[in-house]
file data29.csv (CSV, C-alpha atoms (C1' of nucleotides))
chain,number,residue,atom,x,y,z
Y,1,MET,CA,-15.4,64.4,-22.0
Y,2,GLU,CA,-18.3,65.0,-19.6
Y,3,ASN,CA,-18.6,63.8,-16.1
Y,4,LYS,CA,-19.2,60.1,-16.1
Y,5,ARG,CA,-20.1,59.9,-12.5
Y,6,GLU,CA,-23.0,62.3,-13.0
Y,7,LEU,CA,-24.5,60.1,-15.7
Y,8,PHE,CA,-24.2,56.9,-13.6
Y,9,GLN,CA,-25.4,58.6,-10.5
Y,10,VAL,CA,-28.6,59.6,-12.2
Y,11,LEU,CA,-29.0,56.2,-13.9
Y,12,THR,CA,-28.6,54.1,-10.8
Y,13,ARG,CA,-30.6,56.3,-8.7
Y,14,ARG,CA,-33.5,55.9,-11.1
Y,15,PHE,CA,-33.1,52.2,-11.2
Y,16,GLY,CA,-32.8,52.0,-7.5
Y,17,LEU,CA,-36.0,53.9,-7.1
Y,18,LEU,CA,-37.7,51.6,-9.5
Y,19,ASN,CA,-36.6,48.7,-7.4
Y,20,LYS,CA,-38.1,50.4,-4.4
Y,21,ASN,CA,-41.5,51.0,-6.0
Y,22,CYS,CA,-42.1,47.7,-7.7
Y,23,CYS,CA,-42.5,45.5,-4.6
Y,24,SER,CA,-46.2,45.3,-3.8
Y,25,ILE,CA,-47.8,42.2,-5.3
Y,26,GLY,CA,-51.4,41.8,-4.3
Y,27,ALA,CA,-51.4,41.3,-0.5
Y,28,VAL,CA,-47.7,40.6,-0.4
Y,29,ASP,CA,-45.4,43.5,0.4
Y,30,ILE,CA,-41.7,43.1,0.3
Y,31,THR,CA,-38.7,45.4,0.5
Y,32,SER,CA,-36.3,45.9,-2.3
Y,33,VAL,CA,-33.6,43.9,-0.5
Y,34,GLN,CA,-36.1,41.0,-0.3
Y,35,SER,CA,-36.8,41.4,-4.0
Y,36,HIS,CA,-33.1,41.1,-4.7
Y,37,ILE,CA,-33.0,37.9,-2.7
Y,38,LEU,CA,-35.9,36.4,-4.5
Y,39,TYR,CA,-34.4,37.3,-7.8
Y,40,GLU,CA,-31.1,35.7,-7.0
Y,41,ILE,CA,-32.6,32.5,-5.6
Y,42,ASP,CA,-34.7,32.2,-8.7
Y,43,LYS,CA,-31.7,32.7,-10.9
Y,44,GLN,CA,-29.3,30.3,-9.3
Y,45,THR,CA,-29.7,26.6,-9.2
Y,46,SER,CA,-29.9,25.0,-5.7
Y,47,PRO,CA,-28.0,27.8,-4.1
Y,48,SER,CA,-26.8,27.7,-0.5
Y,49,MET,CA,-27.2,30.6,1.9
Y,50,GLN,CA,-23.7,31.7,1.5
Y,51,GLN,CA,-24.0,31.8,-2.3
Y,52,ILE,CA,-26.9,34.1,-2.3
Y,53,ALA,CA,-25.6,36.3,0.4
Y,54,GLU,CA,-22.3,36.7,-1.5
Y,55,ALA,CA,-24.0,37.3,-4.8
Y,56,ILE,CA,-25.9,40.3,-3.4
Y,57,ALA,CA,-22.9,41.3,-1.3
Y,58,MET,CA,-24.9,41.1,2.0
Y,59,ASP,CA,-23.7,40.4,5.4
Y,60,ILE,CA,-24.5,36.7,6.2
Y,61,THR,CA,-26.0,37.4,9.5
Y,62,THR,CA,-28.4,40.0,8.2
Y,63,PHE,CA,-29.1,37.7,5.3
Y,64,SER,CA,-29.9,34.8,7.6
Y,65,ARG,CA,-32.5,36.9,9.3
Y,66,GLN,CA,-34.0,38.1,6.0
Y,67,ILE,CA,-34.4,34.5,5.0
Y,68,GLN,CA,-36.2,33.8,8.2
Y,69,THR,CA,-38.6,36.6,7.4
Y,70,LEU,CA,-39.1,35.3,3.9
Y,71,ILE,CA,-39.8,31.8,5.2
Y,72,LYS,CA,-42.4,33.1,7.5
Y,73,MET,CA,-44.0,34.9,4.6
Y,74,GLU,CA,-43.9,31.6,2.8
Y,75,LEU,CA,-42.0,32.9,-0.2
Y,76,VAL,CA,-38.8,30.9,0.4
Y,77,LYS,CA,-38.0,27.3,1.4
Y,78,LYS,CA,-34.9,26.1,3.2
Y,79,THR,CA,-33.9,22.5,2.6
Y,80,PRO,CA,-31.0,20.8,4.3
Y,81,SER,CA,-28.4,19.7,1.8
Y,82,SER,CA,-28.1,15.9,1.5
Y,83,THR,CA,-24.3,16.0,1.0
Y,84,ASP,CA,-23.3,18.5,3.6
Y,85,LYS,CA,-25.4,18.9,6.7
Y,86,ARG,CA,-24.1,22.3,7.5
Y,87,VAL,CA,-25.6,23.7,4.3
Y,88,TYR,CA,-29.1,24.7,3.5
Y,89,ILE,CA,-30.4,24.9,-0.1
Y,90,LEU,CA,-32.7,27.8,-0.8
Y,91,SER,CA,-35.6,27.7,-3.2
Y,92,LEU,CA,-38.7,29.6,-3.9
Y,93,THR,CA,-42.2,28.4,-2.9
Y,94,VAL,CA,-44.9,28.5,-5.5
Y,95,GLN,CA,-46.0,31.8,-4.1
Y,96,GLY,CA,-42.4,33.0,-4.0
Y,97,LYS,CA,-41.9,32.1,-7.6
Y,98,PHE,CA,-45.1,33.9,-8.4
Y,99,VAL,CA,-43.9,37.1,-6.6
Y,100,ALA,CA,-40.5,36.9,-8.3
Y,101,THR,CA,-42.0,36.4,-11.7
Y,102,THR,CA,-44.5,39.2,-11.2
Y,103,ILE,CA,-41.7,41.6,-10.2
Y,104,ASP,CA,-39.6,40.5,-13.1
Y,105,GLU,CA,-42.5,41.1,-15.5
Y,106,SER,CA,-43.3,44.5,-14.2
Y,107,MET,CA,-39.6,45.5,-14.3
Y,108,ASN,CA,-39.4,44.3,-17.9
Y,109,ALA,CA,-42.6,46.1,-18.7
Y,110,TYR,CA,-41.2,49.3,-17.3
Y,111,LEU,CA,-38.0,48.8,-19.3
Y,112,GLU,CA,-40.0,48.1,-22.4
Y,113,GLU,CA,-41.8,51.4,-21.8
Y,114,VAL,CA,-38.5,53.2,-21.4
Y,115,PHE,CA,-37.1,51.6,-24.6
Y,116,SER,CA,-40.2,52.6,-26.4
Y,117,HIS,CA,-38.9,56.1,-26.4
Y,118,MET,CA,-36.1,55.0,-28.7
Y,119,ASN,CA,-35.8,53.8,-32.2
Y,120,GLU,CA,-34.7,50.3,-33.1
Y,121,PHE,CA,-31.1,51.3,-33.7
Y,122,GLU,CA,-30.9,53.1,-30.4
Y,123,LYS,CA,-32.3,50.2,-28.6
Y,124,GLU,CA,-29.7,47.8,-30.0
Y,125,THR,CA,-27.0,50.3,-29.2
Y,126,VAL,CA,-28.0,50.8,-25.6
Y,127,ILE,CA,-28.4,47.1,-24.9
Y,128,ARG,CA,-25.0,46.4,-26.4
Y,129,SER,CA,-23.5,49.2,-24.3
Y,130,ILE,CA,-24.9,47.9,-21.1
Y,131,LYS,CA,-23.4,44.5,-21.9
Y,132,LEU,CA,-20.1,46.1,-22.7
Y,133,LEU,CA,-20.2,48.0,-19.4
Y,134,ASN,CA,-21.0,44.9,-17.4
Y,135,GLN,CA,-18.1,43.1,-19.0
Y,136,ALA,CA,-15.7,46.0,-18.4
Y,137,MET,CA,-16.8,46.2,-14.8
Y,138,SER,CA,-16.3,42.5,-14.2
Y,139,LYS,CA,-12.8,42.9,-15.6
Y,140,SER,CA,-12.0,45.9,-13.4
Y,141,SER,CA,-9.7,45.3,-10.5
Y,142,VAL,CA,-10.7,48.4,-8.5
Y,143,CYS,CA,-14.0,47.4,-7.0
Y,144,CYS,CA,-16.7,44.9,-6.7
Y,145,THR,CA,-14.4,41.9,-6.8
Y,146,PRO,CA,-16.6,39.7,-4.6
Y,147,LEU,CA,-19.5,40.4,-7.0
Y,148,LEU,CA,-20.7,38.1,-9.8
T,1,MET,CA,-34.2,40.0,-27.4
T,2,GLU,CA,-32.5,39.1,-24.2
T,3,ASN,CA,-33.7,39.8,-20.7
T,4,LYS,CA,-33.2,43.5,-20.1
T,5,ARG,CA,-33.8,43.3,-16.4
T,6,GLU,CA,-31.0,40.9,-16.0
T,7,LEU,CA,-28.6,43.3,-17.6
T,8,PHE,CA,-29.8,46.2,-15.5
T,9,GLN,CA,-29.9,44.2,-12.3
T,10,VAL,CA,-26.2,43.3,-12.7
T,11,LEU,CA,-25.3,46.8,-13.6
T,12,THR,CA,-27.0,48.6,-10.8
T,13,ARG,CA,-25.9,46.1,-8.2
T,14,ARG,CA,-22.3,46.7,-9.2
T,15,PHE,CA,-22.7,50.4,-9.1
T,16,GLY,CA,-24.5,50.2,-5.8
T,17,LEU,CA,-21.7,48.2,-4.4
T,18,LEU,CA,-19.2,50.7,-5.7
T,19,ASN,CA,-21.1,53.4,-3.8
T,20,LYS,CA,-20.9,51.4,-0.7
T,21,ASN,CA,-17.2,50.8,-0.9
T,22,CYS,CA,-16.0,54.3,-1.7
T,23,CYS,CA,-17.0,56.2,1.4
T,24,SER,CA,-14.0,56.2,3.7
T,25,ILE,CA,-11.9,59.4,3.3
T,26,GLY,CA,-9.1,59.5,5.8
T,27,ALA,CA,-10.7,59.7,9.3
T,28,VAL,CA,-14.1,60.4,7.9
T,29,ASP,CA,-16.4,57.4,7.4
T,30,ILE,CA,-19.8,58.0,5.8
T,31,THR,CA,-22.6,55.8,4.5
T,32,SER,CA,-23.6,55.6,0.9
T,33,VAL,CA,-26.8,57.5,1.7
T,34,GLN,CA,-24.7,60.3,3.2
T,35,SER,CA,-22.5,60.3,0.2
T,36,HIS,CA,-25.6,60.7,-2.0
T,37,ILE,CA,-26.7,63.7,0.2
T,38,LEU,CA,-23.3,65.3,-0.1
T,39,TYR,CA,-23.3,64.8,-3.8
T,40,GLU,CA,-26.7,66.4,-4.2
T,41,ILE,CA,-26.0,69.4,-2.0
T,42,ASP,CA,-22.8,70.0,-4.0
T,43,LYS,CA,-24.6,69.8,-7.2
T,44,GLN,CA,-27.5,72.1,-6.5
T,45,THR,CA,-27.3,75.8,-5.7
T,46,SER,CA,-28.6,76.9,-2.3
T,47,PRO,CA,-30.9,74.0,-1.9
T,48,SER,CA,-33.5,73.7,0.8
T,49,MET,CA,-33.9,70.5,2.9
T,50,GLN,CA,-37.0,69.5,0.9
T,51,GLN,CA,-35.2,69.9,-2.4
T,52,ILE,CA,-32.4,67.5,-1.5
T,53,ALA,CA,-34.7,65.1,0.1
T,54,GLU,CA,-36.9,65.0,-2.9
T,55,ALA,CA,-34.0,64.7,-5.3
T,56,ILE,CA,-32.8,61.6,-3.6
T,57,ALA,CA,-36.3,60.3,-3.0
T,58,MET,CA,-35.9,60.1,0.7
T,59,ASP,CA,-38.4,60.5,3.5
T,60,ILE,CA,-38.1,64.0,4.9
T,61,THR,CA,-38.0,62.9,8.5
T,62,THR,CA,-35.2,60.4,7.9
T,63,PHE,CA,-33.5,63.1,5.9
T,64,SER,CA,-33.8,65.6,8.6
T,65,ARG,CA,-32.0,63.3,11.0
T,66,GLN,CA,-29.3,62.4,8.5
T,67,ILE,CA,-28.6,66.1,8.1
T,68,GLN,CA,-28.3,66.4,11.8
T,69,THR,CA,-25.7,63.7,11.8
T,70,LEU,CA,-23.8,65.3,8.9
T,71,ILE,CA,-23.8,68.6,10.7
T,72,LYS,CA,-22.3,66.9,13.8
T,73,MET,CA,-19.6,65.5,11.6
T,74,GLU,CA,-19.0,69.1,10.3
T,75,LEU,CA,-19.6,68.2,6.7
T,76,VAL,CA,-22.8,70.1,6.2
T,77,LYS,CA,-24.0,73.5,7.2
T,78,LYS,CA,-27.6,74.7,7.7
T,79,THR,CA,-28.4,78.3,7.1
T,80,PRO,CA,-31.8,79.9,7.7
T,81,SER,CA,-33.2,81.3,4.5
T,82,SER,CA,-33.5,85.1,4.6
T,83,THR,CA,-36.7,85.2,2.6
T,84,ASP,CA,-38.6,82.4,4.3
T,85,LYS,CA,-37.9,81.6,8.0
T,86,ARG,CA,-39.3,78.1,7.7
T,87,VAL,CA,-36.6,77.1,5.2
T,88,TYR,CA,-33.0,76.1,5.8
T,89,ILE,CA,-30.4,76.3,3.0
T,90,LEU,CA,-28.0,73.5,2.9
T,91,SER,CA,-24.3,73.8,2.0
T,92,LEU,CA,-21.1,71.9,2.4
T,93,THR,CA,-18.5,72.9,4.8
T,94,VAL,CA,-14.9,73.0,3.6
T,95,GLN,CA,-14.4,69.6,4.9
T,96,GLY,CA,-17.7,68.4,3.4
T,97,LYS,CA,-16.7,69.8,0.0
T,98,PHE,CA,-13.4,68.0,0.3
T,99,VAL,CA,-15.1,64.7,1.1
T,100,ALA,CA,-17.5,65.1,-1.7
T,101,THR,CA,-14.8,65.9,-4.1
T,102,THR,CA,-12.6,63.0,-3.0
T,103,ILE,CA,-15.5,60.6,-3.5
T,104,ASP,CA,-16.3,62.1,-6.9
T,105,GLU,CA,-12.7,61.7,-7.9
T,106,SER,CA,-12.4,58.1,-6.8
T,107,MET,CA,-15.7,57.3,-8.5
T,108,ASN,CA,-14.5,58.9,-11.7
T,109,ALA,CA,-11.1,57.1,-11.4
T,110,TYR,CA,-13.0,53.9,-11.0
T,111,LEU,CA,-15.1,54.6,-14.1
T,112,GLU,CA,-12.0,55.6,-16.0
T,113,GLU,CA,-10.5,52.3,-15.1
T,114,VAL,CA,-13.6,50.5,-16.3
T,115,PHE,CA,-13.6,52.4,-19.5
T,116,SER,CA,-10.0,51.6,-20.1
T,117,HIS,CA,-11.1,48.1,-21.0
T,118,MET,CA,-12.8,49.6,-24.0
T,119,ASN,CA,-11.6,51.1,-27.2
T,120,GLU,CA,-12.4,54.7,-28.1
T,121,PHE,CA,-15.4,53.9,-30.2
T,122,GLU,CA,-16.9,51.7,-27.5
T,123,LYS,CA,-16.4,54.4,-24.9
T,124,GLU,CA,-18.3,57.0,-27.0
T,125,THR,CA,-21.0,54.5,-27.7
T,126,VAL,CA,-21.5,53.6,-24.1
T,127,ILE,CA,-21.5,57.2,-22.8
T,128,ARG,CA,-24.1,58.1,-25.5
T,129,SER,CA,-26.2,55.1,-24.5
T,130,ILE,CA,-26.3,56.1,-20.9
T,131,LYS,CA,-27.4,59.5,-21.9
T,132,LEU,CA,-30.1,58.1,-24.1
T,133,LEU,CA,-31.2,55.9,-21.3
T,134,ASN,CA,-31.4,58.7,-18.8
T,135,GLN,CA,-33.4,60.7,-21.3
T,136,ALA,CA,-35.8,57.9,-22.0
T,137,MET,CA,-36.3,57.2,-18.3
T,138,SER,CA,-37.1,60.8,-17.6
T,139,LYS,CA,-39.7,60.6,-20.3
T,140,SER,CA,-41.2,57.5,-18.9
T,141,SER,CA,-44.5,57.8,-17.2
T,142,VAL,CA,-44.4,54.5,-15.3
T,143,CYS,CA,-42.0,55.3,-12.5
T,144,CYS,CA,-39.7,57.6,-10.9
T,145,THR,CA,-41.8,60.7,-11.6
T,146,PRO,CA,-40.6,62.6,-8.5
T,147,LEU,CA,-37.1,62.1,-9.5
T,148,LEU,CA,-34.9,64.6,-11.3
X,1,DT,C1',-7.8,7.9,14.5
X,2,DC,C1',-7.9,11.6,17.2
X,3,DT,C1',-7.2,16.3,17.5
X,4,DT,C1',-7.4,20.7,15.5
X,5,DA,C1',-8.7,23.9,12.0
X,6,DT,C1',-12.2,25.5,8.9
X,7,DT,C1',-16.8,26.3,7.3
X,8,DA,C1',-22.1,27.1,7.2
X,9,DA,C1',-25.4,28.9,9.5
X,10,DT,C1',-27.6,31.0,13.7
X,11,DT,C1',-28.2,34.0,17.8
X,12,DG,C1',-27.1,38.0,21.1
X,13,DC,C1',-26.5,42.4,21.5
X,14,DA,C1',-26.1,47.3,20.5
X,15,DT,C1',-26.4,50.7,17.0
X,16,DT,C1',-28.5,52.8,13.2
X,17,DT,C1',-32.1,53.5,9.9
X,18,DT,C1',-36.6,54.0,8.8
X,19,DG,C1',-41.2,56.1,8.5
X,20,DC,C1',-45.7,57.2,10.3
X,21,DA,C1',-48.1,60.4,13.5
X,22,DA,C1',-48.0,64.4,15.8
X,23,DG,C1',-45.9,68.7,16.8
X,24,DT,C1',-44.0,73.7,16.1
X,25,DA,C1',-43.3,77.7,13.7
X,26,DA,C1',-43.7,80.5,9.7
X,27,DT,C1',-46.1,81.8,5.4
X,28,DA,C1',-50.2,81.7,2.3
X,29,DT,C1',-55.0,81.9,1.6
X,30,DT,C1',-59.6,83.1,2.5
G,1,DA,C1',-58.3,87.6,11.5
G,2,DA,C1',-59.1,83.0,11.1
G,3,DT,C1',-57.8,79.0,8.6
G,4,DA,C1',-54.9,76.2,5.7
G,5,DT,C1',-50.7,75.0,4.0
G,6,DT,C1',-45.8,74.5,4.1
G,7,DA,C1',-40.9,73.4,6.1
G,8,DC,C1',-38.9,71.2,9.3
G,9,DT,C1',-38.4,68.7,13.8
G,10,DT,C1',-39.3,65.1,17.4
G,11,DG,C1',-41.6,60.8,19.5
G,12,DC,C1',-42.1,56.5,19.1
G,13,DA,C1',-41.8,51.6,17.5
G,14,DA,C1',-40.4,48.6,14.1
G,15,DA,C1',-36.9,47.0,11.1
G,16,DA,C1',-32.2,46.5,9.4
G,17,DT,C1',-27.4,46.2,10.2
G,18,DG,C1',-23.0,44.0,11.6
G,19,DC,C1',-19.7,42.5,14.9
G,20,DA,C1',-18.7,38.9,18.3
G,21,DA,C1',-19.7,34.6,20.0
G,22,DT,C1',-22.1,30.0,19.5
G,23,DT,C1',-23.4,25.5,17.4
G,24,DA,C1',-22.9,21.8,14.5
G,25,DA,C1',-20.6,19.6,10.7
G,26,DT,C1',-16.8,18.7,7.6
G,27,DA,C1',-11.8,19.0,6.3
G,28,DA,C1',-7.0,18.7,7.4
G,29,DG,C1',-2.9,17.6,10.1
G,30,DA,C1',-0.4,14.7,13.3
call {"tool": "encode", "arguments": {"input": "data29.csv", "output": "structure tokens"}}
result
Amino acid sequence: MENKRELFQVLTRRFGLLNKNCCSIGAVDITSVQSHILYEIDKQTSPSMQQIAEAIAMDITTFSRQIQTLIKMELVKKTPSSTDKRVYILSLTVQGKFVATTIDESMNAYLEEVFSHMNEFEKETVIRSIKLLNQAMSKSSVCCTPLL
Amino acid sequence: MENKRELFQVLTRRFGLLNKNCCSIGAVDITSVQSHILYEIDKQTSPSMQQIAEAIAMDITTFSRQIQTLIKMELVKKTPSSTDKRVYILSLTVQGKFVATTIDESMNAYLEEVFSHMNEFEKETVIRSIKLLNQAMSKSSVCCTPLL
DNA sequence: TCTTATTAATTGCATTTTGCAAGTAATATT
DNA sequence: AATATTACTTGCAAAATGCAATTAATAAGA
């Protein structure tokens, strides 16, 4: 069988590049790391700092500073937890939600465009394959254990 | 249909993390960016600086400095082109080749492990899907045009 | 209860990475 | 022969990174 790494290297490089490109929304300009943070805050419900930092496998100190930046940009809000005063709950501001949604839409639009080069059967197959892959990776013991 | 971005986000995050983890070979410790550079030099034949920088979509000035680092680490060699004195041809040193190969092997080992959670049919399907996806992405006009 | 861990998050460095602008040297174009 | 373009390198200055150490709050042990 062919070299699997080759296939994955190309795939992830492309997707990584996509992430890099897609982060300029009107006057707001964010990095791909920040885009990941927004995505994850949007996805989770009332997450703490730790939770998000862990989800994106980012050092907590770097994360803390990124959040400070995002707060200055008025994209993220930090609310003290009512049950544990050490904890801060992260949420998106209206503008932050808008940015996250816009990025999500443009990513999905891109993916739709990519999938438009396939027929219905291929689409289904590919989607199912990605799911399979995600499942298999989450079962794997070798790597990525902290992740998702 | 379900949210495609979600699927891809998870997949590429996992793969990105894998890339991050897999870069300590004996006494040699390299970053994932450097691993990408080694990979690409190994793949291409007599590539110039520009070629590699473009392949991994990296700013040429940052790339130039990364190469300097890799040369200091004795993983990469820079040979002046005989036909064009502005150009440098990049190649891996013996040690660089060893590092690249070791990373490649450990990545493939990881992927084998991941695929071991699937049956033969699923494996084939997934591999074929990734290929399809790569083809579709290369056809796409939206993004990633400089890439591969 | 009081003392001692443990945990969540922040700051203080020191290092590394990044990328634009400007530079040098060689080749291509006119 | 003069000019433009190309390949690559340096000079900043800003940003990102991560370890060590700090603060404040909760949990656990005596």
call {"tool": "atom_distance", "arguments": {"input": "data29.csv", "atom1": "atom C1' of DT17 of chain X", "atom2": "atom C1' of DA16 of chain G"}}
result
7.0 Å
call {"tool": "atom_distance", "arguments": {"input": "data29.csv", "atom1": "atom CA of Asp84 of chain T", "atom2": "atom CA of Gln51 of chain T"}}
result
14.6 Å
call {"tool": "calpha_fit_and_write", "arguments": {"input": "data29.csv", "fixed": "chain T", "moving": "chain Y", "output": "CSV table (one decimal) with C-alpha atoms, in the frame of the given file"}}
result
chain,number,residue,atom,x,y,z
Y,1,MET,CA,-34.2,40.0,-27.5
Y,2,GLU,CA,-32.5,39.0,-24.2
Y,3,ASN,CA,-33.7,39.8,-20.8
Y,4,LYS,CA,-33.2,43.5,-20.1
Y,5,ARG,CA,-33.9,43.2,-16.5
Y,6,GLU,CA,-31.0,40.9,-16.0
Y,7,LEU,CA,-28.5,43.3,-17.6
Y,8,PHE,CA,-29.8,46.3,-15.4
Y,9,GLN,CA,-29.9,44.2,-12.3
Y,10,VAL,CA,-26.2,43.3,-12.7
Y,11,LEU,CA,-25.3,46.9,-13.7
Y,12,THR,CA,-26.9,48.6,-10.8
Y,13,ARG,CA,-25.9,46.1,-8.3
Y,14,ARG,CA,-22.3,46.7,-9.3
Y,15,PHE,CA,-22.7,50.4,-9.1
Y,16,GLY,CA,-24.5,50.2,-5.9
Y,17,LEU,CA,-21.7,48.2,-4.4
Y,18,LEU,CA,-19.2,50.7,-5.6
Y,19,ASN,CA,-21.2,53.4,-3.8
Y,20,LYS,CA,-21.0,51.3,-0.7
Y,21,ASN,CA,-17.2,50.8,-0.8
Y,22,CYS,CA,-16.0,54.3,-1.8
Y,23,CYS,CA,-17.0,56.1,1.5
Y,24,SER,CA,-13.9,56.1,3.7
Y,25,ILE,CA,-12.0,59.3,3.4
Y,26,GLY,CA,-9.1,59.5,5.8
Y,27,ALA,CA,-10.6,59.6,9.3
Y,28,VAL,CA,-14.1,60.4,8.0
Y,29,ASP,CA,-16.4,57.5,7.4
Y,30,ILE,CA,-19.8,57.9,5.9
Y,31,THR,CA,-22.5,55.7,4.6
Y,32,SER,CA,-23.6,55.6,1.0
Y,33,VAL,CA,-26.8,57.4,1.7
Y,34,GLN,CA,-24.7,60.2,3.3
Y,35,SER,CA,-22.5,60.2,0.2
Y,36,HIS,CA,-25.6,60.7,-1.9
Y,37,ILE,CA,-26.6,63.7,0.2
Y,38,LEU,CA,-23.3,65.3,-0.1
Y,39,TYR,CA,-23.3,64.8,-3.8
Y,40,GLU,CA,-26.7,66.4,-4.2
Y,41,ILE,CA,-26.0,69.4,-2.0
Y,42,ASP,CA,-22.8,70.0,-3.9
Y,43,LYS,CA,-24.6,69.8,-7.2
Y,44,GLN,CA,-27.5,72.1,-6.4
Y,45,THR,CA,-27.3,75.7,-5.7
Y,46,SER,CA,-28.6,76.9,-2.3
Y,47,PRO,CA,-30.9,74.0,-2.0
Y,48,SER,CA,-33.5,73.7,0.8
Y,49,MET,CA,-34.0,70.5,2.8
Y,50,GLN,CA,-37.0,69.6,0.9
Y,51,GLN,CA,-35.2,69.9,-2.4
Y,52,ILE,CA,-32.5,67.5,-1.5
Y,53,ALA,CA,-34.7,65.1,0.2
Y,54,GLU,CA,-36.9,65.0,-2.9
Y,55,ALA,CA,-34.0,64.7,-5.3
Y,56,ILE,CA,-32.8,61.5,-3.6
Y,57,ALA,CA,-36.3,60.4,-3.0
Y,58,MET,CA,-35.9,60.1,0.8
Y,59,ASP,CA,-38.4,60.5,3.5
Y,60,ILE,CA,-38.0,64.0,4.9
Y,61,THR,CA,-38.0,62.9,8.5
Y,62,THR,CA,-35.2,60.4,8.0
Y,63,PHE,CA,-33.5,63.0,5.9
Y,64,SER,CA,-33.7,65.6,8.6
Y,65,ARG,CA,-32.0,63.3,11.0
Y,66,GLN,CA,-29.3,62.4,8.5
Y,67,ILE,CA,-28.6,66.1,8.1
Y,68,GLN,CA,-28.3,66.4,11.8
Y,69,THR,CA,-25.7,63.7,11.8
Y,70,LEU,CA,-23.8,65.3,9.0
Y,71,ILE,CA,-23.8,68.7,10.8
Y,72,LYS,CA,-22.3,67.0,13.8
Y,73,MET,CA,-19.6,65.5,11.6
Y,74,GLU,CA,-19.1,69.0,10.3
Y,75,LEU,CA,-19.6,68.1,6.7
Y,76,VAL,CA,-22.8,70.1,6.2
Y,77,LYS,CA,-24.0,73.6,7.2
Y,78,LYS,CA,-27.6,74.7,7.7
Y,79,THR,CA,-28.4,78.3,7.1
Y,80,PRO,CA,-31.7,79.9,7.7
Y,81,SER,CA,-33.1,81.3,4.5
Y,82,SER,CA,-33.4,85.1,4.5
Y,83,THR,CA,-36.6,85.2,2.5
Y,84,ASP,CA,-38.5,82.4,4.2
Y,85,LYS,CA,-37.9,81.6,7.8
Y,86,ARG,CA,-39.3,78.2,7.6
Y,87,VAL,CA,-36.6,77.1,5.2
Y,88,TYR,CA,-33.1,76.2,5.7
Y,89,ILE,CA,-30.4,76.3,3.0
Y,90,LEU,CA,-27.9,73.5,2.9
Y,91,SER,CA,-24.3,73.8,2.0
Y,92,LEU,CA,-21.2,71.9,2.4
Y,93,THR,CA,-18.4,72.9,4.8
Y,94,VAL,CA,-14.9,73.0,3.6
Y,95,GLN,CA,-14.4,69.6,4.9
Y,96,GLY,CA,-17.6,68.5,3.4
Y,97,LYS,CA,-16.7,69.8,0.0
Y,98,PHE,CA,-13.4,68.0,0.4
Y,99,VAL,CA,-15.1,64.6,1.2
Y,100,ALA,CA,-17.5,65.1,-1.7
Y,101,THR,CA,-14.8,66.0,-4.1
Y,102,THR,CA,-12.6,63.1,-3.0
Y,103,ILE,CA,-15.5,60.6,-3.5
Y,104,ASP,CA,-16.3,62.1,-6.8
Y,105,GLU,CA,-12.7,61.7,-7.9
Y,106,SER,CA,-12.4,58.2,-6.8
Y,107,MET,CA,-15.7,57.3,-8.5
Y,108,ASN,CA,-14.4,58.9,-11.7
Y,109,ALA,CA,-11.2,57.1,-11.3
Y,110,TYR,CA,-12.9,53.8,-11.0
Y,111,LEU,CA,-15.0,54.6,-14.1
Y,112,GLU,CA,-12.0,55.6,-16.0
Y,113,GLU,CA,-10.5,52.2,-15.1
Y,114,VAL,CA,-13.6,50.5,-16.3
Y,115,PHE,CA,-13.6,52.5,-19.6
Y,116,SER,CA,-10.0,51.6,-20.0
Y,117,HIS,CA,-11.1,48.2,-21.0
Y,118,MET,CA,-12.8,49.6,-24.1
Y,119,ASN,CA,-11.7,51.2,-27.2
Y,120,GLU,CA,-12.4,54.8,-28.1
Y,121,PHE,CA,-15.4,54.0,-30.2
Y,122,GLU,CA,-16.9,51.8,-27.5
Y,123,LYS,CA,-16.4,54.4,-25.0
Y,124,GLU,CA,-18.3,57.0,-27.0
Y,125,THR,CA,-21.0,54.5,-27.7
Y,126,VAL,CA,-21.6,53.6,-24.1
Y,127,ILE,CA,-21.6,57.2,-22.9
Y,128,ARG,CA,-24.1,58.1,-25.5
Y,129,SER,CA,-26.2,55.1,-24.5
Y,130,ILE,CA,-26.3,56.0,-20.9
Y,131,LYS,CA,-27.4,59.5,-21.9
Y,132,LEU,CA,-30.1,58.1,-24.1
Y,133,LEU,CA,-31.3,55.9,-21.3
Y,134,ASN,CA,-31.4,58.7,-18.8
Y,135,GLN,CA,-33.5,60.7,-21.2
Y,136,ALA,CA,-35.8,57.8,-22.0
Y,137,MET,CA,-36.3,57.2,-18.3
Y,138,SER,CA,-37.1,60.8,-17.6
Y,139,LYS,CA,-39.7,60.7,-20.3
Y,140,SER,CA,-41.3,57.4,-19.0
Y,141,SER,CA,-44.5,57.8,-17.2
Y,142,VAL,CA,-44.4,54.4,-15.3
Y,143,CYS,CA,-42.0,55.2,-12.5
Y,144,CYS,CA,-39.7,57.6,-10.9
Y,145,THR,CA,-41.8,60.6,-11.6
Y,146,PRO,CA,-40.8,62.5,-8.4
Y,147,LEU,CA,-37.1,62.0,-9.5
Y,148,LEU,CA,-35.0,64.6,-11.3
call {"tool": "interface_residues", "arguments": {"input": "data29.csv", "of": "chain G", "to": "chain T", "cutoff": "12 Å", "atoms": "all atoms listed in the file", "output": "list in words"}}
result
DT6, DA7, DC8, DT9, DT10 and DG11 of chain G
call {"tool": "residues_around", "arguments": {"input": "data29.csv", "residues": "Glu6 of chain Y", "least_positions_apart": "2", "cutoff": "10 Å", "atoms": "only C-alpha atoms (C1' of nucleotides)", "output": "PyMOL selection string"}}
result
(chain Y and resi 2-4+8-11) or (chain T and resi 39+43+104+107-108)
call {"tool": "atom_distance", "arguments": {"input": "data29.csv", "atom1": "atom CA of Ser138 of chain T", "atom2": "atom CA of His117 of chain T"}}
result
29.1 Å
